[in-house]
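Structure, as structure tokens:
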Amino acid sequence: LAAKKGRKKMWTAIVCTVQSRESAKAYKKELWIRQQKGLIDPKTLLMAVDDSKFNIGSGSAALNALICVAENLAAIEGHKVVSSEVLYNAKILILLLGATFPFSPCGHAFMPHSSSSAELGFEQTEVPLNFDLLLDTLNKLSDKSPPGVWISSTDMVLEATGCVNPVNLSGCDGITAFTLLATPEHAMNHGTCTVSETGEITRIEYMPGKENIGAFKTPDGGCLMLSGVVYFTPRVAETMLSLHNLPPLDACTYVGLDNGAKPLSLSLFFDILQCLTTSTTQEDYIAGKYRSSTQQSSETPPTIMERARSLLWKHLRGTKLRSVFLQGMTHRYFQHVAYDVVQRYVQCAPQGKVVVNSLLGEEVKVGPGSLVLNCDVKVPVTIGKNCFLSGLSSSVLGLDALVTPPTIPDGLVVQGLDVVFGNGGKNTKQSILVFYGLHDNLLDDYSSSSATFCNAPWSEFFQRTGVQPSELWSPSTPPGAQTLLNAQLFVAASPHEEYTLPDALWMSGATAPNGDLSRWRSSWRLSLATILQYVNSEAELNKMRNISFELQLEKMKRVLKNNEPTCILRFFKDSLIEHREHDILQTLDEVAEQMDNTLIICRIYACIADMLGFMAGEGGGIRAGPAANLSWQTAFQLLERGNYAAATRALAVERGNWITGGQDHIIRASRHYERAGQILTRNVVATASCYIVGTPCDVPALGQRVIVTAPARVDISGGWTDTPPQSYEWGGMVVTLALTVEGQCPIKSVAQRIPELKLVLITGEGSDAQAVECTTLSHLSDYSQPHAPAALLKAAFICAKIVEFPSSASLAEQLSSRYGCGFMLQAVSNLPQGSGLGTSSILGGAILGALWRAVGQLHSEDSLIHAVLYLEQLLTTGGGWQDQCGGLYGGIKISQSSKGLPVLVTTKKLSTPPGFLDKLSDHLLLVYTGKTRLARNLLQDVLRNWHSRDHRIVQNMTDLVNTAMEAAQAVEQGDLARMGRCMTSYQQQKLCMAPGSMPKVVGIFVDTVRDLIHGCCFAGAGGGGFLLAIMKDPKDKPHIKKTVEATTELSDFVLYDSAIDKMGIQYSID
């Protein structure tokens, strides 16, 4: 799958530490999805390791993850026991997801980022998460790092003001902590550090306070702080690994737990790294004086903690702890007030409100300053100012049955949290509604003067509702720790009926109690802290993904209905990973049924073909192949009759029969959808028939031959813009030259009336001639198969309406009643097959011209140009109009088609300075590369890219038109050098349309003659055939020929004489 360049990084292993065994599967799936999308290398080992207990601490979580990944790597390498040797050749990333974050149930890492994918430079279709930005940053930082273990917190956001450059870790022999500059205010609320002149970290301080922050200020007034990212060399990681066997440190890991120990909580920064700073003393460290009271574990006896720190001091002290400064990076860490989170999103919003990854109904009104995150609310509701809504659905809010739409008060936070409780071996899953104020600090003790609930002092809440503090906090909760976070406020189960938002609004003061207090008291209530412990991570992550998928479906429908130039292939690929492909197909069917716009339906069929191609994968074979299975004919006939809705339904039914047959059947179904698109394109191109107009002329006598000749053509800019459907969906412009080759017009067609009521079709002449006789209509049935004998000639009779097919009248009856004779039709080309000189299309024009002249009609060049467009649709080669424009008109011309219907092509001969055409002829270098190219295969790939609206193709279409305009100016100015530059640019634009279409030997030739030419380009689609160059000096041609003959790699190259043909198509009768 395509991923942003530079985002994919080869980690040996990525390990996420998670809170519980139940959530490990969900987070590993998140890693796996990113791996499938190409954001993580496919060879990287992915793990999600559950902590030994809830809020175990970053140090314990990291140590547990290290032993787990070492065991897995050892097993992969065939070791019978864990071996530290695996650390010396591995790059391991440990991401600490364990910390709870009240404003996002799956942690801060899995909260949507405040910027879009496009703003971050990501190509993923869904809303990017903080996790994605962090992983991207770590990939870039570690790009050139040696083996070792990277450990990163995920409860912060690291953002760069510019590019993130790889860090230099050469010579590192200990631990590297990455630091950055922050404001003193930010450091006071998080932590800070000091660094010596040699780069060693001398001191780490947690939340130093306003009175102490001055000691940590740098000369520019900022403060250094730890970013949350640390690197361990393999040697230090080996030492860390050895600690898991030493009691009581073994209790940090599953090993200790499985040996009967109680979990031990350690901090990565204030237990492990703290003992390495130069200012840390052994006595104070072991006594825990570098930890704040909020960091002390009340569950572990002090003696156990002292023993643990003594072991850390013994084994780690002396290890160098150095700082690497992250220039231009900022650190964001949210505290326990929702206002800070909301401001992060809305401060840059032009409308002052933000809706992220949410599905809202038309009657949902969002007030200014509000943030709506991961919600699916379709029923009417008014959201007040400065609110924060997260994880809500209409059912959780209890709004489905309400007659009067409710209003969520200003400044309210409302969260819907999915939880799972164990019950006798069974799990109970439910959603709990949580609400509080935007400005409430979750950690303030309720007795504090600054403490609030729903933005009002607790005292007001108690007085207004009658709730007592003893109902919220148990006697075991010590004074000073009775906070909103641990208040048993929120109803988990009510004895009467489901507890919803209208039932809870009385607590915020928005409605009168009216008996709600007694119901609340009789309910089973939990605190936010407890609810967060039981969050159903799988359900929450799936909720986010389901909403994201529905949003992408809506975007897909909008893009298709409006025919926007937006590529949606990445969404198709991503949907396969999550097994949502059938939802995509069903939605595409629904949109196609609703549309009456042929262009849009054609694009939708191409989308379905792409989706089926992705479903088939490599096991299905190549996309190109036959597509005329009889079981699809009913749908195709409906398309031919213009009954598009019925055709779409018939296609869907037949597709259902095929996609159960395995990968090969799925790819065959894909081909038939492409055929359906070709039928629609043919119907659209048929609108050009209104410009196919002939004038009566004398009918040649029986036996007289109508001989039509035409030159070849070379396109020097704008090709691919002429190809349906691009030509009428975007608009096209091409500059072409008409050429004689070896002094003659290489394309000829001969038509003759014969007495027998049959068709004699001849390809080639002389000893190379091959004849096919058609005496019945069935002999014409393979006209749409390009490789069938005389297919072009058969299609020409049908296109010219000389023969009606199918018909109840026989071939002989039609010939007899209309013309009283049969016909001989001959097509001759003196150019190699796959030349790129427009042979088939120009020959089609010559054939039609000869046929019509034989029945007494004379058609202009413009009429023939439009007729060939339809002819190639009948033939299913699907070509554009530039070839016939280039060969039927003489000289140099610019041809154009406008966006819209009917399809109209106009051609204008370019005026040139006197003698310029002869001068140009002298400077032309026409080279046959010896490589046959097949335009049809290239065409199919280009059409697929166009229908998908690949952004490179869309931009290239604009570039092609611009180059054509510049080339036309160069021709009219007689500027050979500028023409050559345009041709060189054009060649690169062709390669953009059809990557890989230039054979290696052509590059060798171009390098050989580069200094002798103004520029060059392939003729036609590319991939082989002829190449045209403009020489700086015609006298260099013999030298170039000699050089080509002497170069082994160019042994198949042949130089041809060529000149500008000024006449175009010519008729004669003999």
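Every chain in the structure tokens has a letter given in the order shown (A, B, ...), and although residue numbers restart at 1 in each chain, ligands are simply numbered from 1 in the order shown.
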Practice item. Could you please write out, as a PyMOL selection string, every residue of range 332-366 of chain A that DSSP assigns to strand (DSSP E or B)? Key: chain A and resi 332+337+354-356+359-360+364-366
Could you dump the residues just selected with C-alpha atoms as an mmCIF file, in the first residue's frame?
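Saved to result.cif:
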```cif
data_model
loop_
_atom_site.group_PDB
_atom_site.id
_atom_site.type_symbol
_atom_site.label_atom_id
_atom_site.label_comp_id
_atom_site.auth_asym_id
_atom_site.auth_seq_id
_atom_site.Cartn_x
_atom_site.Cartn_y
_atom_site.Cartn_z
ATOM 1 C CA ARG A 332 2.361 19.592 24.626
ATOM 2 C CA VAL A 337 -8.790 20.427 32.864
ATOM 3 C CA VAL A 354 -14.522 21.943 15.770
ATOM 4 C CA VAL A 355 -16.171 18.662 14.801
ATOM 5 C CA VAL A 356 -13.645 15.825 14.532
ATOM 6 C CA LEU A 359 -21.367 12.032 12.289
ATOM 7 C CA LEU A 360 -23.889 14.753 13.092
ATOM 8 C CA VAL A 364 -27.558 19.095 15.474
ATOM 9 C CA LYS A 365 -26.450 22.628 16.289
ATOM 10 C CA VAL A 366 -22.941 23.172 17.694
#
```
Practice item. Fewer than 2 positions away in the same chain doesn't count, so skip those; otherwise give me all residues within 10 Å of Arg545 in chain A, counting only C-alpha atoms, as a PyMOL selection string. Key: chain A and resi 126-127+357+374+539-543+547-551+578
Just-selected residues, C-alpha atoms written as a PDB file, in the first residue's frame:
```
ATOM      1  CA  GLU A 126      -8.899   8.467   8.286  1.00  0.00           C
ATOM      2  CA  VAL A 127      -8.359  11.199  10.852  1.00  0.00           C
ATOM      3  CA  ASN A 357     -14.399  12.289  13.376  1.00  0.00           C
ATOM      4  CA  ASN A 374     -15.906  10.726  17.939  1.00  0.00           C
ATOM      5  CA  ALA A 539     -15.284  -1.151  21.623  1.00  0.00           C
ATOM      6  CA  GLU A 540     -13.911   2.394  21.860  1.00  0.00           C
ATOM      7  CA  LEU A 541     -11.392   1.870  19.060  1.00  0.00           C
ATOM      8  CA  ASN A 542     -14.028   0.187  16.908  1.00  0.00           C
ATOM      9  CA  LYS A 543     -16.363   3.111  17.578  1.00  0.00           C
ATOM     10  CA  ILE A 547     -17.368   6.573  12.505  1.00  0.00           C
ATOM     11  CA  SER A 548     -14.270   7.218  10.422  1.00  0.00           C
ATOM     12  CA  PHE A 549     -15.376   4.637   7.867  1.00  0.00           C
ATOM     13  CA  GLU A 550     -18.873   6.123   7.630  1.00  0.00           C
ATOM     14  CA  LEU A 551     -17.356   9.579   7.134  1.00  0.00           C
ATOM     15  CA  GLU A 578     -10.759  -3.968   7.962  1.00  0.00           C
TER      16      GLU A 578
END
```
Point to revise | Shell around Ala635 in chain A at 7 Å using only C-alpha atoms, local window under 5 positions removed, as JSON, numbers by chain | key: {"A": [647, 650, 651]}
Review point. In range 574-716 of chain A, what's helix (DSSP H, G or I) per DSSP? Answer as an MDAnalysis selection string?
Key: chainID A and resid 574:577 581:594 598:616 618:620 630:640 644:661 663:691
**Study point:** Surrounding residues of range 846-857 of chain A excluding itself and chain neighbours under 5 positions, 6 Å, only C-alpha atoms, as a PyMOL selection string
**Key:** chain A and resi 694-699+706+708+749+751
Mind writing the picked residues with all heavy atoms as a PDB file, in the first residue's frame?
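Output saved as selection_13.pdb:
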```pdb
ATOM      1  N   GLY A 694     -21.493  13.812 -44.302  1.00  0.00           N
ATOM      2  CA  GLY A 694     -20.937  13.642 -45.641  1.00  0.00           C
ATOM      3  C   GLY A 694     -21.727  14.419 -46.673  1.00  0.00           C
ATOM      4  O   GLY A 694     -22.894  14.770 -46.451  1.00  0.00           O
ATOM      5  N   THR A 695     -21.105  14.672 -47.767  1.00  0.00           N
ATOM      6  CA  THR A 695     -21.792  15.327 -48.896  1.00  0.00           C
ATOM      7  C   THR A 695     -21.839  14.353 -50.063  1.00  0.00           C
ATOM      8  O   THR A 695     -20.887  13.596 -50.296  1.00  0.00           O
ATOM      9  CB  THR A 695     -21.056  16.610 -49.304  1.00  0.00           C
ATOM     10  OG1 THR A 695     -19.694  16.290 -49.615  1.00  0.00           O
ATOM     11  CG2 THR A 695     -21.066  17.631 -48.172  1.00  0.00           C
ATOM     12  N   PRO A 696     -22.946  14.341 -50.791  1.00  0.00           N
ATOM     13  CA  PRO A 696     -23.073  13.402 -51.910  1.00  0.00           C
ATOM     14  C   PRO A 696     -22.042  13.687 -53.002  1.00  0.00           C
ATOM     15  O   PRO A 696     -21.635  14.824 -53.247  1.00  0.00           O
ATOM     16  CB  PRO A 696     -24.496  13.643 -52.423  1.00  0.00           C
ATOM     17  CG  PRO A 696     -25.205  14.340 -51.307  1.00  0.00           C
ATOM     18  CD  PRO A 696     -24.160  15.139 -50.602  1.00  0.00           C
ATOM     19  N   CYS A 697     -21.603  12.611 -53.660  1.00  0.00           N
ATOM     20  CA  CYS A 697     -20.690  12.718 -54.787  1.00  0.00           C
ATOM     21  C   CYS A 697     -20.946  11.540 -55.724  1.00  0.00           C
ATOM     22  O   CYS A 697     -21.747  10.653 -55.412  1.00  0.00           O
ATOM     23  CB  CYS A 697     -19.241  12.761 -54.338  1.00  0.00           C
ATOM     24  SG  CYS A 697     -18.709  11.261 -53.475  1.00  0.00           S
ATOM     25  N   ASP A 698     -20.288  11.542 -56.859  1.00  0.00           N
ATOM     26  CA  ASP A 698     -20.482  10.462 -57.819  1.00  0.00           C
ATOM     27  C   ASP A 698     -20.077   9.133 -57.221  1.00  0.00           C
ATOM     28  O   ASP A 698     -19.071   9.031 -56.500  1.00  0.00           O
ATOM     29  CB  ASP A 698     -19.656  10.708 -59.084  1.00  0.00           C
ATOM     30  CG  ASP A 698     -20.136  11.937 -59.842  1.00  0.00           C
ATOM     31  OD1 ASP A 698     -21.309  12.315 -59.655  1.00  0.00           O
ATOM     32  OD2 ASP A 698     -19.327  12.511 -60.592  1.00  0.00           O
ATOM     33  N   VAL A 699     -20.861   8.093 -57.521  1.00  0.00           N
ATOM     34  CA  VAL A 699     -20.536   6.742 -57.078  1.00  0.00           C
ATOM     35  C   VAL A 699     -19.601   6.116 -58.099  1.00  0.00           C
ATOM     36  O   VAL A 699     -19.925   6.101 -59.301  1.00  0.00           O
ATOM     37  CB  VAL A 699     -21.814   5.888 -56.925  1.00  0.00           C
ATOM     38  CG1 VAL A 699     -21.453   4.460 -56.521  1.00  0.00           C
ATOM     39  CG2 VAL A 699     -22.760   6.511 -55.924  1.00  0.00           C
ATOM     40  N   VAL A 706     -11.158   3.093 -55.211  1.00  0.00           N
ATOM     41  CA  VAL A 706     -10.964   4.356 -54.477  1.00  0.00           C
ATOM     42  C   VAL A 706      -9.699   4.180 -53.647  1.00  0.00           C
ATOM     43  O   VAL A 706      -9.626   3.302 -52.780  1.00  0.00           O
ATOM     44  CB  VAL A 706     -12.158   4.673 -53.565  1.00  0.00           C
ATOM     45  CG1 VAL A 706     -11.891   5.950 -52.781  1.00  0.00           C
ATOM     46  CG2 VAL A 706     -13.438   4.805 -54.371  1.00  0.00           C
ATOM     47  N   VAL A 708      -7.020   5.854 -51.050  1.00  0.00           N
ATOM     48  CA  VAL A 708      -6.832   6.932 -50.073  1.00  0.00           C
ATOM     49  C   VAL A 708      -5.478   6.750 -49.410  1.00  0.00           C
ATOM     50  O   VAL A 708      -5.148   5.655 -48.934  1.00  0.00           O
ATOM     51  CB  VAL A 708      -7.944   6.920 -49.007  1.00  0.00           C
ATOM     52  CG1 VAL A 708      -7.700   8.006 -47.968  1.00  0.00           C
ATOM     53  CG2 VAL A 708      -9.308   7.103 -49.656  1.00  0.00           C
ATOM     54  N   SER A 749      -5.509   2.994 -47.992  1.00  0.00           N
ATOM     55  CA  SER A 749      -6.690   2.141 -48.001  1.00  0.00           C
ATOM     56  C   SER A 749      -7.289   2.163 -49.402  1.00  0.00           C
ATOM     57  O   SER A 749      -7.289   3.208 -50.069  1.00  0.00           O
ATOM     58  CB  SER A 749      -7.730   2.617 -46.981  1.00  0.00           C
ATOM     59  OG  SER A 749      -8.868   1.776 -47.007  1.00  0.00           O
ATOM     60  N   ALA A 751     -10.798   0.882 -51.574  1.00  0.00           N
ATOM     61  CA  ALA A 751     -12.167   0.350 -51.546  1.00  0.00           C
ATOM     62  C   ALA A 751     -12.631   0.141 -52.985  1.00  0.00           C
ATOM     63  O   ALA A 751     -12.346   0.964 -53.876  1.00  0.00           O
ATOM     64  CB  ALA A 751     -13.102   1.296 -50.814  1.00  0.00           C
TER      65      ALA A 751
END
```
Check your understanding: Could you pull the residues within 12 Å of Phe461 in chain A, counting only C-alpha atoms, minus those fewer than 3 positions along the same chain, as a list of chain:residue names?
Key ->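 Residues meeting the cut-off are A:Tyr436, A:Tyr446, A:Ala451, A:Thr452, A:Phe453, A:Cys454, A:Asn455, A:Ala456, A:Pro457, A:Trp458, A:Arg464, A:Thr465, A:Gly466, A:Val467, A:Gln468, A:Pro469, A:Leu489, A:Trp506, A:Met507, A:Ser508, A:Gly509, A:Ala510, A:Pro513.
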What would the file look like if the residues just selected were written as an mmCIF file, in the first residue's frame with N, CA, C and O atoms?
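Result saved to out_15.cif:
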```cif
data_model
loop_
_atom_site.group_PDB
_atom_site.id
_atom_site.type_symbol
_atom_site.label_atom_id
_atom_site.label_comp_id
_atom_site.auth_asym_id
_atom_site.auth_seq_id
_atom_site.Cartn_x
_atom_site.Cartn_y
_atom_site.Cartn_z
ATOM 1 N N TYR A 436 -19.220 16.751 33.336
ATOM 2 C CA TYR A 436 -18.658 17.684 34.308
ATOM 3 C C TYR A 436 -18.400 18.993 33.576
ATOM 4 O O TYR A 436 -18.808 19.150 32.410
ATOM 5 N N TYR A 446 -12.347 18.628 46.753
ATOM 6 C CA TYR A 446 -13.596 19.382 46.685
ATOM 7 C C TYR A 446 -13.655 20.503 47.712
ATOM 8 O O TYR A 446 -14.401 21.477 47.551
ATOM 9 N N ALA A 451 -11.974 24.426 43.630
ATOM 10 C CA ALA A 451 -12.595 23.209 43.108
ATOM 11 C C ALA A 451 -14.020 23.472 42.649
ATOM 12 O O ALA A 451 -14.783 24.192 43.310
ATOM 13 N N THR A 452 -14.377 22.879 41.504
ATOM 14 C CA THR A 452 -15.719 23.062 40.954
ATOM 15 C C THR A 452 -16.249 21.743 40.389
ATOM 16 O O THR A 452 -15.493 20.825 40.079
ATOM 17 N N PHE A 453 -17.563 21.697 40.256
ATOM 18 C CA PHE A 453 -18.223 20.641 39.510
ATOM 19 C C PHE A 453 -19.256 21.305 38.609
ATOM 20 O O PHE A 453 -20.074 22.116 39.067
ATOM 21 N N CYS A 454 -19.179 21.001 37.313
ATOM 22 C CA CYS A 454 -20.013 21.677 36.309
ATOM 23 C C CYS A 454 -19.809 23.185 36.364
ATOM 24 O O CYS A 454 -20.766 23.982 36.279
ATOM 25 N N ASN A 455 -18.548 23.561 36.584
ATOM 26 C CA ASN A 455 -18.086 24.957 36.558
ATOM 27 C C ASN A 455 -18.596 25.793 37.724
ATOM 28 O O ASN A 455 -18.456 27.019 37.709
ATOM 29 N N ALA A 456 -19.188 25.174 38.733
ATOM 30 C CA ALA A 456 -19.674 25.898 39.914
ATOM 31 C C ALA A 456 -19.046 25.277 41.157
ATOM 32 O O ALA A 456 -18.708 24.085 41.165
ATOM 33 N N PRO A 457 -18.878 26.052 42.224
ATOM 34 C CA PRO A 457 -18.298 25.489 43.443
ATOM 35 C C PRO A 457 -19.085 24.268 43.932
ATOM 36 O O PRO A 457 -20.309 24.186 43.778
ATOM 37 N N TRP A 458 -18.367 23.339 44.550
ATOM 38 C CA TRP A 458 -19.017 22.134 45.063
ATOM 39 C C TRP A 458 -20.118 22.475 46.071
ATOM 40 O O TRP A 458 -21.152 21.809 46.147
ATOM 41 N N ARG A 464 -27.770 22.822 45.993
ATOM 42 C CA ARG A 464 -28.825 22.789 44.979
ATOM 43 C C ARG A 464 -29.454 21.408 44.832
ATOM 44 O O ARG A 464 -30.660 21.269 44.614
ATOM 45 N N THR A 465 -28.646 20.373 44.963
ATOM 46 C CA THR A 465 -29.145 19.020 44.674
ATOM 47 C C THR A 465 -29.513 18.213 45.906
ATOM 48 O O THR A 465 -30.299 17.261 45.819
ATOM 49 N N GLY A 466 -28.925 18.545 47.037
ATOM 50 C CA GLY A 466 -29.152 17.737 48.227
ATOM 51 C C GLY A 466 -28.205 16.559 48.345
ATOM 52 O O GLY A 466 -28.288 15.759 49.290
ATOM 53 N N VAL A 467 -27.288 16.413 47.399
ATOM 54 C CA VAL A 467 -26.274 15.358 47.473
ATOM 55 C C VAL A 467 -25.323 15.676 48.622
ATOM 56 O O VAL A 467 -24.950 16.839 48.848
ATOM 57 N N GLN A 468 -24.892 14.656 49.338
ATOM 58 C CA GLN A 468 -23.951 14.821 50.437
ATOM 59 C C GLN A 468 -22.566 14.316 50.039
ATOM 60 O O GLN A 468 -22.453 13.339 49.287
ATOM 61 N N PRO A 469 -21.498 14.960 50.532
ATOM 62 C CA PRO A 469 -20.146 14.485 50.197
ATOM 63 C C PRO A 469 -19.946 13.011 50.522
ATOM 64 O O PRO A 469 -19.230 12.307 49.792
ATOM 65 N N LEU A 489 -20.007 9.694 41.131
ATOM 66 C CA LEU A 489 -21.075 10.543 40.616
ATOM 67 C C LEU A 489 -21.911 9.896 39.526
ATOM 68 O O LEU A 489 -23.093 10.199 39.370
ATOM 69 N N TRP A 506 -30.094 17.474 35.588
ATOM 70 C CA TRP A 506 -30.415 18.165 36.848
ATOM 71 C C TRP A 506 -29.169 18.383 37.697
ATOM 72 O O TRP A 506 -29.089 19.338 38.468
ATOM 73 N N MET A 507 -28.183 17.509 37.550
ATOM 74 C CA MET A 507 -26.972 17.650 38.356
ATOM 75 C C MET A 507 -26.152 18.864 37.935
ATOM 76 O O MET A 507 -25.405 19.425 38.724
ATOM 77 N N SER A 508 -26.303 19.243 36.660
ATOM 78 C CA SER A 508 -25.553 20.420 36.183
ATOM 79 C C SER A 508 -26.288 21.717 36.467
ATOM 80 O O SER A 508 -25.742 22.791 36.220
ATOM 81 N N GLY A 509 -27.509 21.603 36.964
ATOM 82 C CA GLY A 509 -28.305 22.799 37.219
ATOM 83 C C GLY A 509 -29.129 23.224 36.042
ATOM 84 O O GLY A 509 -29.823 24.244 36.091
ATOM 85 N N ALA A 510 -29.103 22.448 34.957
ATOM 86 C CA ALA A 510 -29.852 22.833 33.759
ATOM 87 C C ALA A 510 -31.344 22.593 33.923
ATOM 88 O O ALA A 510 -32.161 23.260 33.287
ATOM 89 N N PRO A 513 -34.546 19.109 39.852
ATOM 90 C CA PRO A 513 -34.378 17.693 40.206
ATOM 91 C C PRO A 513 -35.606 16.844 39.919
ATOM 92 O O PRO A 513 -35.495 15.802 39.262
#
```
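When only C-alpha atoms are used to measure the gap to Val961 in chain A, the shortest distance among A:Phe823, A:Trp946, A:Tyr339, A:Tyr986 belongs to A:Tyr986.
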Contacts of Val714 in chain A within 9 Å, only C-alpha atoms, excl. fewer than 3 positions in-chain, as a PDB file with C-alpha atoms, in the first residue's frame:
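And here is the file that came out, selection06.pdb:
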```pdb
ATOM      1  CA  VAL A 735       0.117  19.544 -31.097  1.00  0.00           C
ATOM      2  CA  THR A 736       0.971  17.102 -33.903  1.00  0.00           C
ATOM      3  CA  LEU A 737       3.133  16.892 -37.028  1.00  0.00           C
ATOM      4  CA  ALA A 738       2.131  15.081 -40.220  1.00  0.00           C
ATOM      5  CA  LEU A 739       5.130  13.093 -41.533  1.00  0.00           C
ATOM      6  CA  GLY A 836       3.480   4.882 -32.236  1.00  0.00           C
ATOM      7  CA  LEU A 837       2.985   6.941 -35.399  1.00  0.00           C
ATOM      8  CA  GLY A 838      -0.791   6.765 -35.156  1.00  0.00           C
ATOM      9  CA  ASP A 883      -3.737  10.358 -34.245  1.00  0.00           C
ATOM     10  CA  GLY A 886      -2.274  14.500 -36.883  1.00  0.00           C
ATOM     11  CA  GLY A 887      -2.476  12.347 -40.027  1.00  0.00           C
ATOM     12  CA  PHE A1018       8.319   9.048 -28.042  1.00  0.00           C
ATOM     13  CA  ALA A1019       5.684   8.988 -30.715  1.00  0.00           C
ATOM     14  CA  GLY A1020       2.303   8.021 -29.329  1.00  0.00           C
ATOM     15  CA  PHE A1026       9.352   5.449 -32.956  1.00  0.00           C
ATOM     16  CA  LEU A1027      11.104   8.347 -31.281  1.00  0.00           C
ATOM     17  CA  LEU A1028      11.378  11.816 -32.785  1.00  0.00           C
TER      18      LEU A1028
END
```
